[in-house]
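The structure appears below as structure tokens.
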Amino acid sequence: MTQPVYLDHAATTPVRDEVMAAMAPFFGARFGNPSSVHRWGREARVALDEARERLAACLGAHADEVCFTSGGTEGDNFAILGPFRTLRAQGRDAAITSPIEHKAVLAAVHQVAHEGGEERIVRVTPDGLVDMAHFAELLDARVAVVSAMWVNNEVGVLQDVPALAAQSKAAGALFHTDAVQAFGKVSINAKQTPFDLLTISGHKFGAPKGIGALFIRRDTPLEPMFHGGSQDRGRRPGTENVAFAVGLATAAELLLAEHEAEHVRLSAMRTLLEQGLRERIPDVIIHAEGAPRAPHITNVSIPGTSSESMLMALDLRGIACSAGSACQSGSVSASHVLSAMGVSPDIANAALRLSLGCLSTAACVQRTIDVLATLAEKSRVGKAASASCAFVPVEF
């Protein structure tokens with residue numbers, strides 16, 4: 001039987017064995033509530049505090065700057081709406097973002113407008129980079145927060161976060177970056193880059209779904225999203241998920257320990273994948289190819305095909321990938337990221353996101369190249385036959 005191929009690591013990753021082992025005691029004997037004063041509670045509190053300190057070290061941060069969340073969507077909403085709701089009383093009632101952000105950011109910025117503020121969308125270049133001249137035009141004394149994704153989740157483009165953060169700070173605005181796809185793929189250090197807020201999500205790097213963190217630089221003004229308890233200094237009330245916090249810290253440490261070697265490995269495999277596709281499918285389009293990119297994501301379109309049909313055909317052959325973000329309830333529709341980059345609808349509707357990670361091997365990549373080349377040829381034969389009114393069955 002042919003081995004399945006998983007090329008959707010940007011959507012989620014398997015929980016690492018080491019992470020499951022680290023979490024296991026907190027589902028059993030070490031079950032205490034960290035807010036309780038007895039020994040079970042104290043034991044849980046120590047584990048939670050240690051997890052916060054360990055994760056902070058991975059970010060170059062202080063422990064009190066780490067707020068555990070349920071993942072990227074909660075972190076993004078907190079990072080945008082929290083500062084806006086605090087700073088609008090001072091006349092800062094606008095938020096800036098780009099049109100290629102994750103829907104969590106775009107929806108949060110839209111909520112700013114719904115609550116009486118202003119959403120400002122900065123243009124991007126055809127390669128998916130923020131138009132810095134337009135950004136300068138939008139940045140003024142009314143801006144409360146700027147949000148820009150460090151690594152785009154669909155095309156892998158690396159934004160110049162240090163420059164964007166510095167300009168935002170110079171204008172008196174807070175700067176947030178969604179680093180869900182960046183953590184462990186690029187160097188992130190809160191002491192070296194002047195971002196105020198940064199989001200990560202554990203299931204992208206070997207921790208469970210349902211745990212993430214928001215870095216909040218000391219003295220950053222933001223209103224809590226929830227109310228009803230004093231946990232996490234009142235920023236996120238509710239009983240903490242000790243097991244998952246421990247799992248997140250463990251996964252983060254493992255990821256950073258392997259960062260350099262994995263960067264080299266994934267870069268080599270992405271090169272193999274893209275070169276192989278170009279050789280077998282000469283008209284393949286590699287989106288954002290000319291921009292700086294993280295090593296684990298490539299987004300391609302094969303003219304004359306459709307994302308939906310190709311995804312179904314690939315799945316039948318045991319190959320998993322996606323058409324873009326996984327947060328679309330299983331739907332397949334034209335990517336808002338590619339549309340914002342000026343990609344035509346027919347090409348955007350043919351896009352596939354192939355994302356590499358811990359389950360990726362050279363053999364997996366080669367099989368994907370072979371299958372995509374075969375499917376592309378069958379699709380074109382079928383279209384040519386249809387155009388000549390002849391019936392030629394195309395097996396997907």
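Residues are referred to by chain and number: the chain letter is A, B, ... according to the order shown in the structure tokens, the number counts from 1 in that chain, and ligands are numbered separately from 1 in the order shown.
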Counting only C-alpha atoms, what is within 12 Å of region 105-110 of chain A, bar same-chain residues fewer than 5 positions away, as a ChimeraX atom specification? /A:72-85,93-100,115-122,143-149,176-180,199,336-337
Create the file for the chosen residues now, containing C-alpha atoms and written as a compact mmCIF listing (two decimals), in the first residue's frame.
```txt
# COMPACT_ATOMS: atom_id res chain seq x y z
CA GLY A 72 -4.30 32.15 17.23
CA THR A 73 -7.84 33.44 16.77
CA GLU A 74 -8.28 34.42 20.41
CA GLY A 75 -4.81 35.96 20.51
CA ASP A 76 -5.38 38.03 17.36
CA ASN A 77 -8.72 39.35 18.59
CA PHE A 78 -7.29 40.21 22.02
CA ALA A 79 -4.27 41.97 20.46
CA ILE A 80 -6.40 44.22 18.26
CA LEU A 81 -9.60 44.87 20.17
CA GLY A 82 -7.93 45.13 23.59
CA PRO A 83 -5.73 48.13 22.69
CA PHE A 84 -8.45 49.77 20.58
CA ARG A 85 -11.01 49.68 23.39
CA ASP A 93 -9.66 54.93 17.25
CA ALA A 94 -8.17 53.42 14.08
CA ALA A 95 -6.55 50.08 13.27
CA ILE A 96 -4.33 49.26 10.30
CA THR A 97 -3.86 45.86 8.72
CA SER A 98 -3.25 44.35 5.29
CA PRO A 99 -5.75 42.51 3.07
CA ILE A 100 -3.73 39.27 3.20
CA GLU A 115 -17.63 49.68 17.35
CA GLY A 116 -17.24 53.16 15.89
CA GLY A 117 -13.57 53.16 14.99
CA GLU A 118 -11.90 53.09 11.59
CA GLU A 119 -10.39 50.14 9.74
CA ARG A 120 -7.56 51.01 7.40
CA ILE A 121 -6.29 48.46 4.89
CA VAL A 122 -2.79 48.94 3.54
CA VAL A 143 -4.00 54.77 14.91
CA ALA A 144 -4.25 52.64 18.04
CA VAL A 145 -2.84 49.40 16.69
CA VAL A 146 -1.20 48.01 13.56
CA SER A 147 -1.36 44.27 12.81
CA ALA A 148 0.80 42.52 10.21
CA MET A 149 1.38 38.78 9.86
CA HIS A 176 0.96 43.38 16.73
CA THR A 177 2.20 40.51 14.62
CA ASP A 178 0.46 37.21 14.03
CA ALA A 179 3.45 34.87 14.30
CA VAL A 180 1.46 31.64 14.13
CA THR A 199 0.46 35.66 18.70
CA HIS A 336 -8.55 36.45 -0.46
CA VAL A 337 -4.75 36.55 -0.15
```
**region 280-282 of chain A environment, 12 Å, only C-alpha atoms, sequence neighbours closer than 5 positions dropped, as a PyMOL selection string** = chain A and resi 273-275+300-304+366+368-377+380
Print the selection's residues with C-alpha atoms to a file, as a PDB file, in the first residue's frame.
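What follows is the written file selection.pdb:
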```pdb
ATOM      1  CA  LEU A 273       9.245  20.442  -4.808  1.00  0.00           C
ATOM      2  CA  GLU A 274       9.216  23.675  -6.768  1.00  0.00           C
ATOM      3  CA  GLN A 275      11.931  22.628  -9.193  1.00  0.00           C
ATOM      4  CA  VAL A 300       1.145  27.012  -6.678  1.00  0.00           C
ATOM      5  CA  SER A 301      -1.437  27.268  -9.436  1.00  0.00           C
ATOM      6  CA  ILE A 302      -1.622  24.936 -12.408  1.00  0.00           C
ATOM      7  CA  PRO A 303      -3.468  26.799 -15.186  1.00  0.00           C
ATOM      8  CA  GLY A 304      -6.443  24.914 -16.535  1.00  0.00           C
ATOM      9  CA  GLN A 366       8.673  13.273  -5.300  1.00  0.00           C
ATOM     10  CA  THR A 368       3.481  14.634  -4.977  1.00  0.00           C
ATOM     11  CA  ILE A 369       5.322  15.972  -8.023  1.00  0.00           C
ATOM     12  CA  ASP A 370       4.530  12.808  -9.993  1.00  0.00           C
ATOM     13  CA  VAL A 371       0.853  12.793  -9.038  1.00  0.00           C
ATOM     14  CA  LEU A 372       0.335  16.505  -9.708  1.00  0.00           C
ATOM     15  CA  ALA A 373       1.973  16.200 -13.118  1.00  0.00           C
ATOM     16  CA  THR A 374      -0.277  13.249 -14.000  1.00  0.00           C
ATOM     17  CA  LEU A 375      -3.423  15.017 -12.782  1.00  0.00           C
ATOM     18  CA  ALA A 376      -2.544  18.195 -14.668  1.00  0.00           C
ATOM     19  CA  GLU A 377      -2.121  16.235 -17.892  1.00  0.00           C
ATOM     20  CA  ARG A 380      -5.942  19.165 -19.886  1.00  0.00           C
TER      21      ARG A 380
END
```
Give one line per residue of region 138-242 of chain A that approaches region 47-66 of chain A to at most 7 Å, naming the two atoms of the closest pair and their distance in Å to one decimal, counting only C-alpha atoms; sort by chain then ascending residue number and deliver it as a tab-separated table.
```
residue	atom	partner	partner_atom	distance
A:Ile188	CA	A:Leu59	CA	6.2
A:Asn189	CA	A:Gly60	CA	4.7
A:Ala190	CA	A:Gly60	CA	5.1
A:Lys191	CA	A:Gly60	CA	5.9
A:Ala213	CA	A:Val66	CA	6.6
A:Leu214	CA	A:Val66	CA	6.0
A:Phe215	CA	A:Val66	CA	4.8
A:Ile216	CA	A:Glu65	CA	4.9
A:Arg217	CA	A:Glu65	CA	5.5
A:Arg218	CA	A:Glu65	CA	6.2
A:Val242	CA	A:Leu48	CA	5.6
```
Per-residue DSSP, region 317-371 of chain A, filtered to strand (DSSP E), as a list in words
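Filtering region 317-371 of chain A down to strand (DSSP E) leaves Ile319, Ala320, Ala351, Leu352, Arg353, Leu354 and Ser355 of chain A.
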- Item | Coordinates-based distance that separates CA of Ala44 (chain A) from CA of Gly28 (chain A) (Å, one decimal) |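 Interatomic distance, CA of Gly28 (chain A) to CA of Ala44 (chain A): 11.7 Å.
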**Prompt:** What are the DSSP helix (DSSP H, G or I) residues of region 136-383 of chain A, as a ChimeraX atom specification?
**Reply:** /A:136-138,161-170,202-204,231-234,242-257,259-280,307-316,336-340,345-348,362-383
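CA of Gly318 (chain A) lies 27.2 Å from CA of Leu255 (chain A).
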